[in-house]
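One file, my_file.pdb, carrying PDB, C-alpha atoms, pLDDT in the B column:
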```pdb
ATOM      1  CA  MET A   3      75.979 144.805  77.575  1.00 46.00           C
ATOM      2  CA  ARG A   4      75.530 141.251  76.409  1.00 53.00           C
ATOM      3  CA  GLU A   5      78.367 138.708  76.823  1.00 58.00           C
ATOM      4  CA  ARG A   6      79.549 136.938  73.711  1.00 60.00           C
ATOM      5  CA  ASN A   7      80.073 133.191  73.777  1.00 64.00           C
ATOM      6  CA  GLY A   8      82.069 131.075  71.402  1.00 64.00           C
ATOM      7  CA  ALA A   9      85.227 131.541  69.394  1.00 67.00           C
ATOM      8  CA  ASP A  10      84.653 135.218  68.560  1.00 70.00           C
ATOM      9  CA  ARG A  11      84.797 136.479  72.138  1.00 75.00           C
ATOM     10  CA  GLU A  12      87.934 138.031  73.612  1.00 82.00           C
ATOM     11  CA  PRO A  13      89.714 136.014  76.318  1.00 79.00           C
ATOM     12  CA  ASN A  14      89.650 137.546  79.760  1.00 87.00           C
ATOM     13  CA  ALA A  15      92.790 138.340  81.754  1.00 88.00           C
ATOM     14  CA  TYR A  16      92.749 134.971  83.518  1.00 88.00           C
ATOM     15  CA  GLU A  17      92.574 133.054  80.222  1.00 88.00           C
ATOM     16  CA  ARG A  18      95.391 135.160  78.731  1.00 88.00           C
ATOM     17  CA  VAL A  19      97.655 134.408  81.708  1.00 87.00           C
ATOM     18  CA  LEU A  20      96.842 130.682  81.513  1.00 88.00           C
ATOM     19  CA  ALA A  21      97.595 130.646  77.788  1.00 86.00           C
ATOM     20  CA  GLU A  22     100.950 132.349  78.373  1.00 87.00           C
ATOM     21  CA  ASP A  23     101.828 129.924  81.190  1.00 85.00           C
ATOM     22  CA  ARG A  24     101.006 126.949  78.974  1.00 86.00           C
ATOM     23  CA  ARG A  25     103.165 128.363  76.178  1.00 86.00           C
ATOM     24  CA  VAL A  26     106.117 128.761  78.566  1.00 84.00           C
ATOM     25  CA  VAL A  27     105.739 125.198  79.888  1.00 81.00           C
ATOM     26  CA  ARG A  28     105.530 123.815  76.323  1.00 79.00           C
ATOM     27  CA  GLU A  29     108.752 125.640  75.444  1.00 79.00           C
ATOM     28  CA  LEU A  30     110.435 124.384  78.617  1.00 73.00           C
ATOM     29  CA  PHE A  31     109.636 120.741  77.926  1.00 71.00           C
ATOM     30  CA  ARG A  32     110.131 120.814  74.149  1.00 79.00           C
ATOM     31  CA  VAL A  33     112.599 118.211  72.936  1.00 81.00           C
ATOM     32  CA  SER A  34     114.275 117.923  69.560  1.00 84.00           C
ATOM     33  CA  ILE A  35     115.438 114.987  67.501  1.00 88.00           C
ATOM     34  CA  GLY A  36     119.016 116.283  67.779  1.00 89.00           C
ATOM     35  CA  GLY A  37     118.791 116.181  71.565  1.00 89.00           C
ATOM     36  CA  ALA A  38     117.400 112.659  71.339  1.00 92.00           C
ATOM     37  CA  HIS A  39     120.324 111.567  69.157  1.00 93.00           C
ATOM     38  CA  ALA A  40     122.714 113.033  71.741  1.00 94.00           C
ATOM     39  CA  GLY A  41     120.831 111.141  74.461  1.00 94.00           C
ATOM     40  CA  LEU A  42     121.220 107.902  72.526  1.00 95.00           C
ATOM     41  CA  VAL A  43     124.974 108.478  72.151  1.00 96.00           C
ATOM     42  CA  ILE A  44     125.371 109.343  75.842  1.00 96.00           C
ATOM     43  CA  THR A  45     123.365 106.249  76.803  1.00 95.00           C
ATOM     44  CA  ALA A  46     125.512 104.047  74.550  1.00 96.00           C
ATOM     45  CA  VAL A  47     128.677 105.476  76.139  1.00 96.00           C
ATOM     46  CA  VAL A  48     127.318 104.852  79.630  1.00 94.00           C
ATOM     47  CA  VAL A  49     126.378 101.260  78.744  1.00 95.00           C
ATOM     48  CA  ALA A  50     129.866 100.746  77.267  1.00 95.00           C
ATOM     49  CA  LEU A  51     131.417 102.114  80.473  1.00 94.00           C
ATOM     50  CA  PHE A  52     129.306  99.739  82.531  1.00 92.00           C
ATOM     51  CA  ALA A  53     130.487  96.890  80.287  1.00 94.00           C
ATOM     52  CA  ALA A  54     134.134  97.912  80.675  1.00 94.00           C
ATOM     53  CA  ILE A  55     134.025  98.492  84.421  1.00 93.00           C
ATOM     54  CA  GLY A  56     131.300  96.225  85.746  1.00 88.00           C
ATOM     55  CA  GLY A  57     131.202  93.467  83.154  1.00 90.00           C
ATOM     56  CA  ALA A  58     128.640  92.322  80.649  1.00 92.00           C
ATOM     57  CA  ARG A  59     126.039  91.600  83.314  1.00 94.00           C
ATOM     58  CA  TRP A  60     125.797  95.257  84.361  1.00 92.00           C
ATOM     59  CA  ALA A  61     125.774  96.411  80.748  1.00 93.00           C
ATOM     60  CA  LEU A  62     122.844  94.095  80.074  1.00 94.00           C
ATOM     61  CA  ILE A  63     121.001  95.364  83.145  1.00 94.00           C
ATOM     62  CA  VAL A  64     121.432  99.034  82.196  1.00 93.00           C
ATOM     63  CA  GLY A  65     120.768  98.391  78.503  1.00 93.00           C
ATOM     64  CA  GLY A  66     117.733  96.318  79.384  1.00 95.00           C
ATOM     65  CA  ALA A  67     116.384  99.095  81.594  1.00 96.00           C
ATOM     66  CA  VAL A  68     116.702 101.575  78.723  1.00 96.00           C
ATOM     67  CA  ALA A  69     115.089  99.111  76.314  1.00 96.00           C
ATOM     68  CA  ALA A  70     112.246  98.524  78.783  1.00 97.00           C
ATOM     69  CA  TRP A  71     111.726 102.285  79.130  1.00 96.00           C
ATOM     70  CA  PHE A  72     111.533 102.575  75.318  1.00 96.00           C
ATOM     71  CA  ALA A  73     109.053  99.687  75.150  1.00 97.00           C
ATOM     72  CA  VAL A  74     106.830 101.259  77.817  1.00 96.00           C
ATOM     73  CA  ALA A  75     107.018 104.642  76.047  1.00 94.00           C
ATOM     74  CA  LEU A  76     106.097 103.001  72.746  1.00 95.00           C
ATOM     75  CA  PHE A  77     103.173 101.196  74.384  1.00 95.00           C
ATOM     76  CA  VAL A  78     101.874 104.424  75.945  1.00 93.00           C
ATOM     77  CA  VAL A  79     102.267 106.381  72.708  1.00 94.00           C
ATOM     78  CA  ARG A  80     100.424 103.682  70.751  1.00 94.00           C
ATOM     79  CA  ARG A  81      97.624 103.716  73.325  1.00 93.00           C
ATOM     80  CA  GLY A  82      97.463 107.477  72.829  1.00 90.00           C
ATOM     81  CA  GLY A  83      96.584 107.004  69.175  1.00 89.00           C
ATOM     82  CA  ARG A  84      99.845 107.398  67.276  1.00 89.00           C
ATOM     83  CA  ARG A  85     100.771 104.676  64.843  1.00 90.00           C
ATOM     84  CA  GLY A  86     103.779 103.531  62.826  1.00 92.00           C
ATOM     85  CA  ARG A  87     106.738 105.848  62.413  1.00 93.00           C
ATOM     86  CA  ALA A  88     105.076 108.668  64.382  1.00 91.00           C
ATOM     87  CA  ALA A  89     104.759 106.371  67.408  1.00 93.00           C
ATOM     88  CA  ALA A  90     108.373 105.210  67.151  1.00 94.00           C
ATOM     89  CA  VAL A  91     109.673 108.781  66.842  1.00 92.00           C
ATOM     90  CA  ARG A  92     107.608 109.951  69.835  1.00 91.00           C
ATOM     91  CA  ALA A  93     108.833 107.002  71.950  1.00 93.00           C
ATOM     92  CA  TYR A  94     112.421 107.768  70.856  1.00 94.00           C
ATOM     93  CA  LEU A  95     111.984 111.399  71.926  1.00 92.00           C
ATOM     94  CA  LEU A  96     110.489 110.311  75.253  1.00 90.00           C
ATOM     95  CA  THR A  97     113.348 107.894  75.894  1.00 92.00           C
ATOM     96  CA  PHE A  98     116.372 109.904  74.779  1.00 93.00           C
ATOM     97  CA  GLY A  99     115.158 113.520  74.483  1.00 89.00           C
ATOM     98  CA  TRP A 100     116.416 114.425  77.964  1.00 89.00           C
ATOM     99  CA  ALA A 101     119.871 115.185  76.546  1.00 87.00           C
ATOM    100  CA  GLY A 102     118.523 118.313  74.873  1.00 82.00           C
ATOM    101  CA  TRP A 103     118.240 119.893  78.316  1.00 80.00           C
ATOM    102  CA  LEU A 104     121.930 119.381  79.172  1.00 80.00           C
TER     103      LEU A 104
END
```
Output the file's structure as structure tokens, nothing else.
Amino acid sequence: MRERNGADREPNAYERVLAEDRRVVRELFRVSIGGAHAGLVITAVVVALFAAIGGARWALIVGGAVAAWFAVALFVVRRGGRRGRAAAVRAYLLTFGWAGWL
């Protein structure tokens, strides 16, 4: 029997398992804009707590670290080919999307 190549061939068992594993990992790491908004609020509360407890210097350090993370994420996303609003949204999700997992 001759093997078929190309898009019309059936995936073998190994390829089916890999596809299922990739689907599970994508679902695990999926972030939403709602989770990113929650992450922004939590970050703002933490920076405000640092300002109240440690003073303005610590608030600037923590806020600056978050801003630097966003800038690096935006740089990486732009290098990956996204532009404009799509790049800003992806950087926002990368910076604050962690709250969706809480």
| message | What's the separation between atom CA of Phe72 of chain A and atom CA of Ala90 of chain A, in Å to one decimal place? | response |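 Between atom CA of Phe72 of chain A and atom CA of Ala90 of chain A the gap works out to 9.1 Å.
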| Long-range neighbours of Ala75 of chain A as a ChimeraX atom specification, 12 Å cut-off, all atoms listed in the file, 3 positions minimum in chain | /A:68-72,78-82,84,89-98
| message | Need the shell around Trp60 of chain A: protein/DNA/RNA residues with any atom at most 12 Å away, counting only C-alpha atoms. Skip same-chain ones fewer than 5 positions apart. Format as a count of residues only? | response | 11
| task | Would you write out, as a PyMOL selection string, every residue that the PyMOL selection byres ((chain A and resi 23-37) around 8) captures in this file? | result | chain A and resi 19-22+38-41+95+98-103
Restrict the selected residues to C-alpha atoms and save them as a PDB file, in the frame of the given file.
```pdb
ATOM      1  CA  VAL A  19      97.655 134.408  81.708  1.00 87.00           C
ATOM      2  CA  LEU A  20      96.842 130.682  81.513  1.00 88.00           C
ATOM      3  CA  ALA A  21      97.595 130.646  77.788  1.00 86.00           C
ATOM      4  CA  GLU A  22     100.950 132.349  78.373  1.00 87.00           C
ATOM      5  CA  ALA A  38     117.400 112.659  71.339  1.00 92.00           C
ATOM      6  CA  HIS A  39     120.324 111.567  69.157  1.00 93.00           C
ATOM      7  CA  ALA A  40     122.714 113.033  71.741  1.00 94.00           C
ATOM      8  CA  GLY A  41     120.831 111.141  74.461  1.00 94.00           C
ATOM      9  CA  LEU A  95     111.984 111.399  71.926  1.00 92.00           C
ATOM     10  CA  PHE A  98     116.372 109.904  74.779  1.00 93.00           C
ATOM     11  CA  GLY A  99     115.158 113.520  74.483  1.00 89.00           C
ATOM     12  CA  TRP A 100     116.416 114.425  77.964  1.00 89.00           C
ATOM     13  CA  ALA A 101     119.871 115.185  76.546  1.00 87.00           C
ATOM     14  CA  GLY A 102     118.523 118.313  74.873  1.00 82.00           C
ATOM     15  CA  TRP A 103     118.240 119.893  78.316  1.00 80.00           C
TER      16      TRP A 103
END
```
| message | What does the structure give for the distance between atom CA of Arg85 of chain A and atom CA of Val64 of chain A, in Å to one decimal? | response |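 We find that atom CA of Arg85 of chain A and atom CA of Val64 of chain A lie 27.6 Å from each other.
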